[in-house]
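Enquirer: final_8.cif (mmCIF, N, CA and C atoms) pasted underneath:
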```cif
data_upload
#
loop_
_atom_site.label_atom_id
_atom_site.label_comp_id
_atom_site.auth_asym_id
_atom_site.auth_seq_id
_atom_site.Cartn_x
_atom_site.Cartn_y
_atom_site.Cartn_z
N MET N 1 13.18 23.02 -10.34
CA MET N 1 12.20 21.95 -10.16
C MET N 1 12.21 21.06 -11.40
N ASN N 2 12.21 19.76 -11.20
CA ASN N 2 12.19 18.81 -12.30
C ASN N 2 10.73 18.49 -12.63
N TRP N 3 10.24 19.03 -13.74
CA TRP N 3 8.83 18.88 -14.11
C TRP N 3 8.45 17.44 -14.42
N ARG N 4 9.39 16.70 -14.99
CA ARG N 4 9.09 15.30 -15.31
C ARG N 4 8.81 14.50 -14.05
N LYS N 5 9.64 14.67 -13.02
CA LYS N 5 9.43 13.96 -11.76
C LYS N 5 8.13 14.41 -11.09
N LEU N 6 7.84 15.69 -11.18
CA LEU N 6 6.60 16.21 -10.61
C LEU N 6 5.40 15.59 -11.31
N TRP N 7 5.46 15.52 -12.65
CA TRP N 7 4.37 14.92 -13.42
C TRP N 7 4.20 13.44 -13.06
N GLN N 8 5.31 12.70 -12.95
CA GLN N 8 5.24 11.29 -12.59
C GLN N 8 4.62 11.11 -11.22
N SER N 9 4.99 11.96 -10.29
CA SER N 9 4.45 11.86 -8.94
C SER N 9 2.94 12.13 -8.94
N ALA N 10 2.52 13.16 -9.68
CA ALA N 10 1.10 13.48 -9.76
C ALA N 10 0.32 12.37 -10.44
N SER N 11 0.87 11.81 -11.51
CA SER N 11 0.15 10.74 -12.21
C SER N 11 0.06 9.50 -11.35
N GLN N 12 1.07 9.22 -10.51
CA GLN N 12 1.01 8.10 -9.58
C GLN N 12 -0.17 8.27 -8.63
N TRP N 13 -0.35 9.47 -8.16
CA TRP N 13 -1.42 9.73 -7.20
C TRP N 13 -2.78 9.52 -7.85
N PHE N 14 -2.96 10.02 -9.09
CA PHE N 14 -4.23 9.90 -9.77
C PHE N 14 -4.53 8.47 -10.20
N LYS N 15 -3.49 7.70 -10.56
CA LYS N 15 -3.71 6.33 -11.01
C LYS N 15 -4.12 5.42 -9.87
N GLY N 16 -3.63 5.70 -8.68
CA GLY N 16 -3.96 4.87 -7.53
C GLY N 16 -3.50 3.44 -7.72
N ARG N 17 -4.19 2.53 -7.09
CA ARG N 17 -3.85 1.11 -7.20
C ARG N 17 -5.05 0.35 -7.74
N GLN N 18 -4.98 0.01 -8.99
CA GLN N 18 -6.05 -0.72 -9.64
C GLN N 18 -6.07 -2.16 -9.13
N VAL N 19 -7.25 -2.67 -8.81
CA VAL N 19 -7.40 -4.05 -8.36
C VAL N 19 -7.72 -4.91 -9.58
N LEU N 20 -7.01 -6.04 -9.70
CA LEU N 20 -7.19 -6.94 -10.83
C LEU N 20 -7.92 -8.21 -10.40
N VAL N 21 -8.66 -8.79 -11.32
CA VAL N 21 -9.26 -10.11 -11.11
C VAL N 21 -8.59 -11.05 -12.11
N SER N 22 -8.60 -12.34 -11.81
CA SER N 22 -7.95 -13.29 -12.72
C SER N 22 -8.95 -14.29 -13.24
N GLU N 23 -8.63 -14.82 -14.42
CA GLU N 23 -9.45 -15.84 -15.04
C GLU N 23 -8.52 -16.79 -15.79
N GLN N 24 -8.66 -18.08 -15.54
CA GLN N 24 -7.85 -19.06 -16.27
C GLN N 24 -8.55 -19.40 -17.58
N VAL N 25 -7.79 -19.37 -18.68
CA VAL N 25 -8.33 -19.63 -20.01
C VAL N 25 -7.40 -20.57 -20.77
N ASP N 26 -7.95 -21.23 -21.81
CA ASP N 26 -7.15 -22.11 -22.66
C ASP N 26 -6.40 -21.32 -23.73
N GLU N 27 -6.98 -20.19 -24.16
CA GLU N 27 -6.33 -19.32 -25.12
C GLU N 27 -6.76 -17.88 -24.88
N ILE N 28 -5.98 -16.95 -25.38
CA ILE N 28 -6.26 -15.52 -25.15
C ILE N 28 -7.53 -15.13 -25.89
N PRO N 29 -8.48 -14.50 -25.21
CA PRO N 29 -9.70 -14.04 -25.88
C PRO N 29 -9.38 -12.96 -26.92
N ASP N 30 -10.28 -12.78 -27.88
CA ASP N 30 -10.09 -11.75 -28.90
C ASP N 30 -10.12 -10.35 -28.28
N CYS N 31 -10.95 -10.18 -27.26
CA CYS N 31 -11.08 -8.87 -26.61
C CYS N 31 -10.78 -9.05 -25.12
N LEU N 32 -9.71 -8.42 -24.65
CA LEU N 32 -9.33 -8.53 -23.25
C LEU N 32 -10.02 -7.44 -22.44
N ALA N 33 -10.58 -7.81 -21.31
CA ALA N 33 -11.25 -6.85 -20.44
C ALA N 33 -10.22 -6.10 -19.60
N LYS N 34 -10.49 -4.83 -19.38
CA LYS N 34 -9.61 -4.03 -18.54
C LYS N 34 -9.71 -4.53 -17.09
N GLY N 35 -8.57 -4.59 -16.42
CA GLY N 35 -8.55 -4.99 -15.02
C GLY N 35 -8.60 -6.49 -14.79
N LYS N 36 -8.33 -7.27 -15.85
CA LYS N 36 -8.37 -8.72 -15.72
C LYS N 36 -7.05 -9.34 -16.16
N LEU N 37 -6.55 -10.27 -15.35
CA LEU N 37 -5.37 -11.07 -15.70
C LEU N 37 -5.87 -12.38 -16.29
N TYR N 38 -5.47 -12.68 -17.51
CA TYR N 38 -5.82 -13.94 -18.15
C TYR N 38 -4.67 -14.91 -17.95
N LEU N 39 -4.93 -16.00 -17.24
CA LEU N 39 -3.92 -17.01 -16.94
C LEU N 39 -4.08 -18.12 -17.97
N LEU N 40 -3.09 -18.28 -18.84
CA LEU N 40 -3.16 -19.28 -19.89
C LEU N 40 -2.54 -20.58 -19.44
N GLY N 41 -3.30 -21.66 -19.57
CA GLY N 41 -2.78 -22.95 -19.19
C GLY N 41 -3.88 -23.97 -19.01
N GLU N 42 -3.47 -25.14 -18.55
CA GLU N 42 -4.40 -26.23 -18.29
C GLU N 42 -4.19 -26.70 -16.86
N GLY N 43 -5.25 -26.69 -16.08
CA GLY N 43 -5.14 -27.11 -14.68
C GLY N 43 -4.15 -26.24 -13.93
N ARG N 44 -3.21 -26.89 -13.27
CA ARG N 44 -2.20 -26.15 -12.50
C ARG N 44 -1.00 -25.76 -13.34
N HIS N 45 -0.98 -26.15 -14.60
CA HIS N 45 0.15 -25.87 -15.48
C HIS N 45 -0.13 -24.60 -16.29
N LEU N 46 0.41 -23.49 -15.83
CA LEU N 46 0.22 -22.21 -16.50
C LEU N 46 1.48 -21.86 -17.27
N TRP N 47 1.33 -21.29 -18.46
CA TRP N 47 2.51 -20.94 -19.25
C TRP N 47 2.58 -19.47 -19.64
N ALA N 48 1.49 -18.71 -19.44
CA ALA N 48 1.54 -17.29 -19.80
C ALA N 48 0.44 -16.52 -19.09
N VAL N 49 0.62 -15.21 -19.05
CA VAL N 49 -0.38 -14.28 -18.54
C VAL N 49 -0.56 -13.21 -19.61
N ALA N 50 -1.80 -12.81 -19.83
CA ALA N 50 -2.10 -11.72 -20.76
C ALA N 50 -3.01 -10.73 -20.05
N MET N 51 -2.85 -9.46 -20.40
CA MET N 51 -3.68 -8.42 -19.79
C MET N 51 -3.63 -7.16 -20.65
N GLN N 52 -4.61 -6.30 -20.46
CA GLN N 52 -4.56 -4.96 -21.04
C GLN N 52 -3.65 -4.12 -20.17
N CYS N 53 -2.88 -3.24 -20.79
CA CYS N 53 -2.02 -2.35 -20.01
C CYS N 53 -2.90 -1.53 -19.05
N PRO N 54 -2.55 -1.47 -17.78
CA PRO N 54 -3.38 -0.75 -16.81
C PRO N 54 -3.37 0.77 -16.96
N CYS N 55 -2.51 1.30 -17.85
CA CYS N 55 -2.49 2.76 -18.02
C CYS N 55 -3.60 3.25 -18.94
N SER N 56 -4.38 2.33 -19.51
CA SER N 56 -5.49 2.65 -20.41
C SER N 56 -5.05 3.01 -21.82
N CYS N 57 -3.81 2.69 -22.19
CA CYS N 57 -3.35 2.97 -23.56
C CYS N 57 -3.95 1.98 -24.56
N GLY N 58 -4.51 0.88 -24.06
CA GLY N 58 -5.10 -0.13 -24.93
C GLY N 58 -4.13 -1.22 -25.36
N GLY N 59 -2.86 -1.10 -24.96
CA GLY N 59 -1.86 -2.10 -25.32
C GLY N 59 -2.11 -3.43 -24.62
N ILE N 60 -1.74 -4.50 -25.30
CA ILE N 60 -1.87 -5.84 -24.73
C ILE N 60 -0.50 -6.30 -24.25
N ILE N 61 -0.46 -6.84 -23.05
CA ILE N 61 0.79 -7.31 -22.46
C ILE N 61 0.73 -8.84 -22.36
N HIS N 62 1.77 -9.50 -22.87
CA HIS N 62 1.92 -10.95 -22.79
C HIS N 62 3.14 -11.24 -21.93
N LEU N 63 2.98 -12.09 -20.91
CA LEU N 63 4.08 -12.42 -20.01
C LEU N 63 4.28 -13.93 -19.99
N ASN N 64 5.49 -14.37 -20.24
CA ASN N 64 5.86 -15.78 -20.23
C ASN N 64 6.04 -16.27 -18.80
N LEU N 65 5.51 -17.45 -18.50
CA LEU N 65 5.70 -18.07 -17.18
C LEU N 65 6.59 -19.30 -17.25
N LEU N 66 7.06 -19.67 -18.44
CA LEU N 66 7.90 -20.86 -18.60
C LEU N 66 9.34 -20.52 -18.23
N PRO N 67 9.91 -21.20 -17.24
CA PRO N 67 11.26 -20.84 -16.77
C PRO N 67 12.38 -21.08 -17.78
N ASP N 68 12.15 -21.90 -18.81
CA ASP N 68 13.20 -22.18 -19.79
C ASP N 68 13.28 -21.12 -20.89
N ALA N 69 12.35 -20.19 -20.94
CA ALA N 69 12.35 -19.14 -21.96
C ALA N 69 12.54 -17.79 -21.28
N ARG N 70 13.11 -16.86 -21.97
CA ARG N 70 13.37 -15.52 -21.43
C ARG N 70 12.73 -14.46 -22.30
N PRO N 71 12.25 -13.37 -21.73
CA PRO N 71 12.15 -13.11 -20.29
C PRO N 71 11.06 -13.99 -19.67
N CYS N 72 11.14 -14.12 -18.36
CA CYS N 72 10.23 -15.01 -17.64
C CYS N 72 9.75 -14.33 -16.35
N TRP N 73 8.45 -14.47 -16.09
CA TRP N 73 7.87 -13.97 -14.85
C TRP N 73 7.44 -15.16 -14.01
N ARG N 74 7.28 -14.92 -12.73
CA ARG N 74 6.83 -15.96 -11.81
C ARG N 74 5.52 -15.50 -11.19
N LEU N 75 4.53 -16.37 -11.23
CA LEU N 75 3.22 -16.10 -10.63
C LEU N 75 3.20 -16.71 -9.24
N ILE N 76 2.92 -15.88 -8.25
CA ILE N 76 2.90 -16.32 -6.86
C ILE N 76 1.46 -16.29 -6.36
N HIS N 77 0.98 -17.43 -5.87
CA HIS N 77 -0.36 -17.52 -5.28
C HIS N 77 -0.23 -17.35 -3.77
N HIS N 78 -0.98 -16.39 -3.22
CA HIS N 78 -0.93 -16.13 -1.78
C HIS N 78 -2.07 -16.86 -1.07
N ARG N 79 -1.90 -17.08 0.21
CA ARG N 79 -2.91 -17.79 1.01
C ARG N 79 -4.26 -17.09 1.03
N ASP N 80 -4.25 -15.76 0.88
CA ASP N 80 -5.51 -15.01 0.91
C ASP N 80 -6.23 -15.04 -0.44
N GLY N 81 -5.72 -15.82 -1.40
CA GLY N 81 -6.37 -15.94 -2.71
C GLY N 81 -5.89 -14.94 -3.75
N THR N 82 -5.02 -14.01 -3.35
CA THR N 82 -4.50 -13.04 -4.31
C THR N 82 -3.25 -13.59 -4.99
N MET N 83 -2.81 -12.88 -6.03
CA MET N 83 -1.62 -13.29 -6.78
C MET N 83 -0.69 -12.11 -6.97
N SER N 84 0.58 -12.44 -7.16
CA SER N 84 1.60 -11.45 -7.49
C SER N 84 2.42 -11.97 -8.65
N LEU N 85 2.97 -11.06 -9.44
CA LEU N 85 3.89 -11.41 -10.53
C LEU N 85 5.23 -10.77 -10.23
N THR N 86 6.29 -11.52 -10.47
CA THR N 86 7.62 -10.98 -10.28
C THR N 86 8.49 -11.40 -11.45
N PRO N 87 9.36 -10.55 -11.94
CA PRO N 87 9.69 -9.19 -11.52
C PRO N 87 8.63 -8.19 -12.01
N SER N 88 8.95 -6.91 -11.96
CA SER N 88 8.04 -5.87 -12.41
C SER N 88 7.80 -5.99 -13.92
N ILE N 89 6.78 -5.29 -14.39
CA ILE N 89 6.44 -5.26 -15.81
C ILE N 89 6.78 -3.87 -16.32
N TRP N 90 7.63 -3.83 -17.33
CA TRP N 90 8.10 -2.54 -17.86
C TRP N 90 8.00 -2.59 -19.37
N ARG N 91 7.03 -1.89 -19.91
CA ARG N 91 6.84 -1.85 -21.37
C ARG N 91 7.95 -1.01 -21.99
N GLN N 92 8.68 -1.60 -22.90
CA GLN N 92 9.81 -0.91 -23.54
C GLN N 92 9.37 -0.06 -24.72
N GLY N 93 8.16 -0.25 -25.19
CA GLY N 93 7.63 0.55 -26.29
C GLY N 93 6.28 1.11 -25.90
N GLY N 94 5.68 1.85 -26.81
CA GLY N 94 4.35 2.40 -26.56
C GLY N 94 4.34 3.35 -25.37
N CYS N 95 3.50 3.07 -24.40
CA CYS N 95 3.31 3.96 -23.25
C CYS N 95 4.47 3.92 -22.25
N ARG N 96 5.31 2.90 -22.32
CA ARG N 96 6.48 2.73 -21.45
C ARG N 96 6.10 2.59 -19.97
N SER N 97 4.91 2.09 -19.69
CA SER N 97 4.47 1.88 -18.31
C SER N 97 5.42 0.94 -17.58
N HIS N 98 5.57 1.18 -16.29
CA HIS N 98 6.41 0.34 -15.43
C HIS N 98 5.65 0.16 -14.12
N PHE N 99 5.32 -1.08 -13.81
CA PHE N 99 4.49 -1.34 -12.63
C PHE N 99 4.75 -2.74 -12.10
N PHE N 100 4.27 -2.97 -10.90
CA PHE N 100 4.31 -4.28 -10.25
C PHE N 100 2.88 -4.77 -10.12
N ILE N 101 2.70 -6.08 -10.05
CA ILE N 101 1.41 -6.65 -9.66
C ILE N 101 1.67 -7.39 -8.36
N ARG N 102 1.08 -6.86 -7.29
CA ARG N 102 1.25 -7.43 -5.96
C ARG N 102 -0.11 -7.59 -5.31
N ASN N 103 -0.42 -8.80 -4.90
CA ASN N 103 -1.70 -9.08 -4.24
C ASN N 103 -2.89 -8.56 -5.05
N ASN N 104 -2.88 -8.87 -6.35
CA ASN N 104 -3.95 -8.49 -7.29
C ASN N 104 -4.08 -6.97 -7.48
N ARG N 105 -3.08 -6.22 -7.10
CA ARG N 105 -3.12 -4.76 -7.27
C ARG N 105 -1.98 -4.30 -8.16
N VAL N 106 -2.29 -3.30 -8.98
CA VAL N 106 -1.26 -2.65 -9.79
C VAL N 106 -0.59 -1.61 -8.92
N GLU N 107 0.71 -1.72 -8.77
CA GLU N 107 1.49 -0.72 -8.02
C GLU N 107 2.47 -0.10 -9.00
N TRP N 108 2.29 1.16 -9.29
CA TRP N 108 3.13 1.85 -10.26
C TRP N 108 4.53 2.05 -9.71
N PHE N 109 5.51 1.84 -10.57
CA PHE N 109 6.91 2.03 -10.20
C PHE N 109 7.14 3.49 -9.86
N ARG N 110 7.89 3.71 -8.81
CA ARG N 110 8.27 5.07 -8.42
C ARG N 110 9.78 5.13 -8.36
N PRO N 111 10.39 6.03 -9.13
CA PRO N 111 11.85 6.17 -9.06
C PRO N 111 12.29 6.48 -7.63
N ALA N 112 13.52 6.13 -7.31
CA ALA N 112 14.04 6.27 -5.94
C ALA N 112 13.82 7.66 -5.36
N GLY N 113 13.98 8.71 -6.14
CA GLY N 113 13.81 10.07 -5.65
C GLY N 113 12.38 10.37 -5.26
N LEU N 114 11.41 9.65 -5.87
CA LEU N 114 10.01 9.89 -5.56
C LEU N 114 9.50 8.97 -4.46
N ALA N 115 10.16 7.83 -4.27
CA ALA N 115 9.69 6.86 -3.28
C ALA N 115 9.69 7.44 -1.89
N SER N 116 10.64 8.31 -1.59
CA SER N 116 10.70 8.90 -0.26
C SER N 116 9.97 10.23 -0.19
N GLY N 117 9.29 10.58 -1.29
CA GLY N 117 8.54 11.83 -1.29
C GLY N 117 9.33 13.01 -1.80
N GLY N 118 10.64 12.85 -2.06
CA GLY N 118 11.45 13.95 -2.56
C GLY N 118 11.29 14.15 -4.05
N ILE N 119 11.29 15.39 -4.48
CA ILE N 119 11.18 15.70 -5.91
C ILE N 119 12.41 16.45 -6.34
#
```
In structure tokens, how does this file's structure come out?
Expert:
Amino acid sequence: MNWRKLWQSASQWFKGRQVLVSEQVDEIPDCLAKGKLYLLGEGRHLWAVAMQCPCSCGGIIHLNLLPDARPCWRLIHHRDGTMSLTPSIWRQGGCRSHFFIRNNRVEWFRPAGLASGGI
């Protein structure tokens, strides 16, 4: 039995799908609220997203929305008022969280072996 995969599967179940709310701001606040996406920009011109890491490690995540700079994410506004970010968010340091934001929900990445329920 692969204990690491078992642990990841169990932690996925306990984390569930956190629902996020968004707020457009001119600059990043000093203290970011958990469960909130801060959309940086003016009017319809957004250039970045900031948020607290959803794993509760306390890390701050900054995502670029400008297509001329790399890495770059794309913010998608859905008709139902929700938003998605693409591609996934994968912290390379600290907690190493890997997740998607789809329709204002955090969806934790599941390796291929776990996606089908196999361990």
Enquirer: Suppose a student applies the PyMOL selection byres (((chain N and resi 102 and name CA) around 9) and name CA) to this structure; what residues should they get, written as a compact mmCIF listing (two decimals) with N, CA and C atoms, keeping the file's coordinate frame?
Expert:
```txt
# COMPACT_ATOMS: atom_id res chain seq x y z
N THR N 82 -5.02 -14.01 -3.35
CA THR N 82 -4.50 -13.04 -4.31
C THR N 82 -3.25 -13.59 -4.99
N MET N 83 -2.81 -12.88 -6.03
CA MET N 83 -1.62 -13.29 -6.78
C MET N 83 -0.69 -12.11 -6.97
N SER N 84 0.58 -12.44 -7.16
CA SER N 84 1.60 -11.45 -7.49
C SER N 84 2.42 -11.97 -8.65
N LEU N 85 2.97 -11.06 -9.44
CA LEU N 85 3.89 -11.41 -10.53
C LEU N 85 5.23 -10.77 -10.23
N THR N 86 6.29 -11.52 -10.47
CA THR N 86 7.62 -10.98 -10.28
C THR N 86 8.49 -11.40 -11.45
N PHE N 100 4.27 -2.97 -10.90
CA PHE N 100 4.31 -4.28 -10.25
C PHE N 100 2.88 -4.77 -10.12
N ILE N 101 2.70 -6.08 -10.05
CA ILE N 101 1.41 -6.65 -9.66
C ILE N 101 1.67 -7.39 -8.36
N ASN N 103 -0.42 -8.80 -4.90
CA ASN N 103 -1.70 -9.08 -4.24
C ASN N 103 -2.89 -8.56 -5.05
N ASN N 104 -2.88 -8.87 -6.35
CA ASN N 104 -3.95 -8.49 -7.29
C ASN N 104 -4.08 -6.97 -7.48
N ARG N 105 -3.08 -6.22 -7.10
CA ARG N 105 -3.12 -4.76 -7.27
C ARG N 105 -1.98 -4.30 -8.16
N VAL N 106 -2.29 -3.30 -8.98
CA VAL N 106 -1.26 -2.65 -9.79
C VAL N 106 -0.59 -1.61 -8.92
N GLU N 107 0.71 -1.72 -8.77
CA GLU N 107 1.49 -0.72 -8.02
C GLU N 107 2.47 -0.10 -9.00
```
Enquirer: Between N:Leu63, N:Cys57, N:Val25, N:Ala33, which one has atoms that come closest to N:Cys95, using all atoms listed in the file?
Expert: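 Distance minimum relative to N:Cys95 lands on N:Cys57.
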Enquirer: Evaluate the PyMOL selection byres ((chain N and resi 34-50) around 8) here and jot the selected residues down as a PyMOL selection string.
Expert: chain N and resi 18-29+31-33+51-54+60-67
Enquirer: As a list in words, which residues of stretch 12-106 of chain N does DSSP assign to helix (DSSP H, G or I)?
Expert: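 Taking stretch 12-106 of chain N and keeping helix (DSSP H, G or I) gives Gln12, Trp13, Phe14 and Lys15 of chain N.
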Enquirer: Work out how far atom CA of N:Arg79 is from atom CA of N:Ser97, in Å to one decimal.
Expert: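 About the pair atom CA of N:Ser97 and atom CA of N:Arg79: they are 28.5 Å apart.
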Enquirer: Written as an NGL selection string, what is the full residue list that the PyMOL selection byres (((chain N and resi 89 and name CA) around 8) and name CA) yields on the file shown?
Expert: :N and (87-88 or 90-91 or 97-100)
Enquirer: Export N, CA and C atoms of the chosen residues as a short mmCIF file (atom, residue, chain, number, x, y, z; two decimals), keeping the file's coordinate frame?
Expert:
```cif
data_model
loop_
_atom_site.label_atom_id
_atom_site.label_comp_id
_atom_site.auth_asym_id
_atom_site.auth_seq_id
_atom_site.Cartn_x
_atom_site.Cartn_y
_atom_site.Cartn_z
N PRO N 87 9.36 -10.55 -11.94
CA PRO N 87 9.69 -9.19 -11.52
C PRO N 87 8.63 -8.19 -12.01
N SER N 88 8.95 -6.91 -11.96
CA SER N 88 8.04 -5.87 -12.41
C SER N 88 7.80 -5.99 -13.92
N TRP N 90 7.63 -3.83 -17.33
CA TRP N 90 8.10 -2.54 -17.86
C TRP N 90 8.00 -2.59 -19.37
N ARG N 91 7.03 -1.89 -19.91
CA ARG N 91 6.84 -1.85 -21.37
C ARG N 91 7.95 -1.01 -21.99
N SER N 97 4.91 2.09 -19.69
CA SER N 97 4.47 1.88 -18.31
C SER N 97 5.42 0.94 -17.58
N HIS N 98 5.57 1.18 -16.29
CA HIS N 98 6.41 0.34 -15.43
C HIS N 98 5.65 0.16 -14.12
N PHE N 99 5.32 -1.08 -13.81
CA PHE N 99 4.49 -1.34 -12.63
C PHE N 99 4.75 -2.74 -12.10
N PHE N 100 4.27 -2.97 -10.90
CA PHE N 100 4.31 -4.28 -10.25
C PHE N 100 2.88 -4.77 -10.12
#
```
Enquirer: Report the distance between atom CA of N:Asp30 and atom CA of N:Asp68 in Å, rounded to one decimal place.
Expert: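 Calculated distance between atom CA of N:Asp30 and atom CA of N:Asp68 is 27.1 Å.
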Enquirer: What separation in Å, quoted to one decimal, exists between atom N of N:Arg96 and atom CA of N:His78?
Expert: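 Value for the atom N of N:Arg96-atom CA of N:His78 distance: 28.7 Å.
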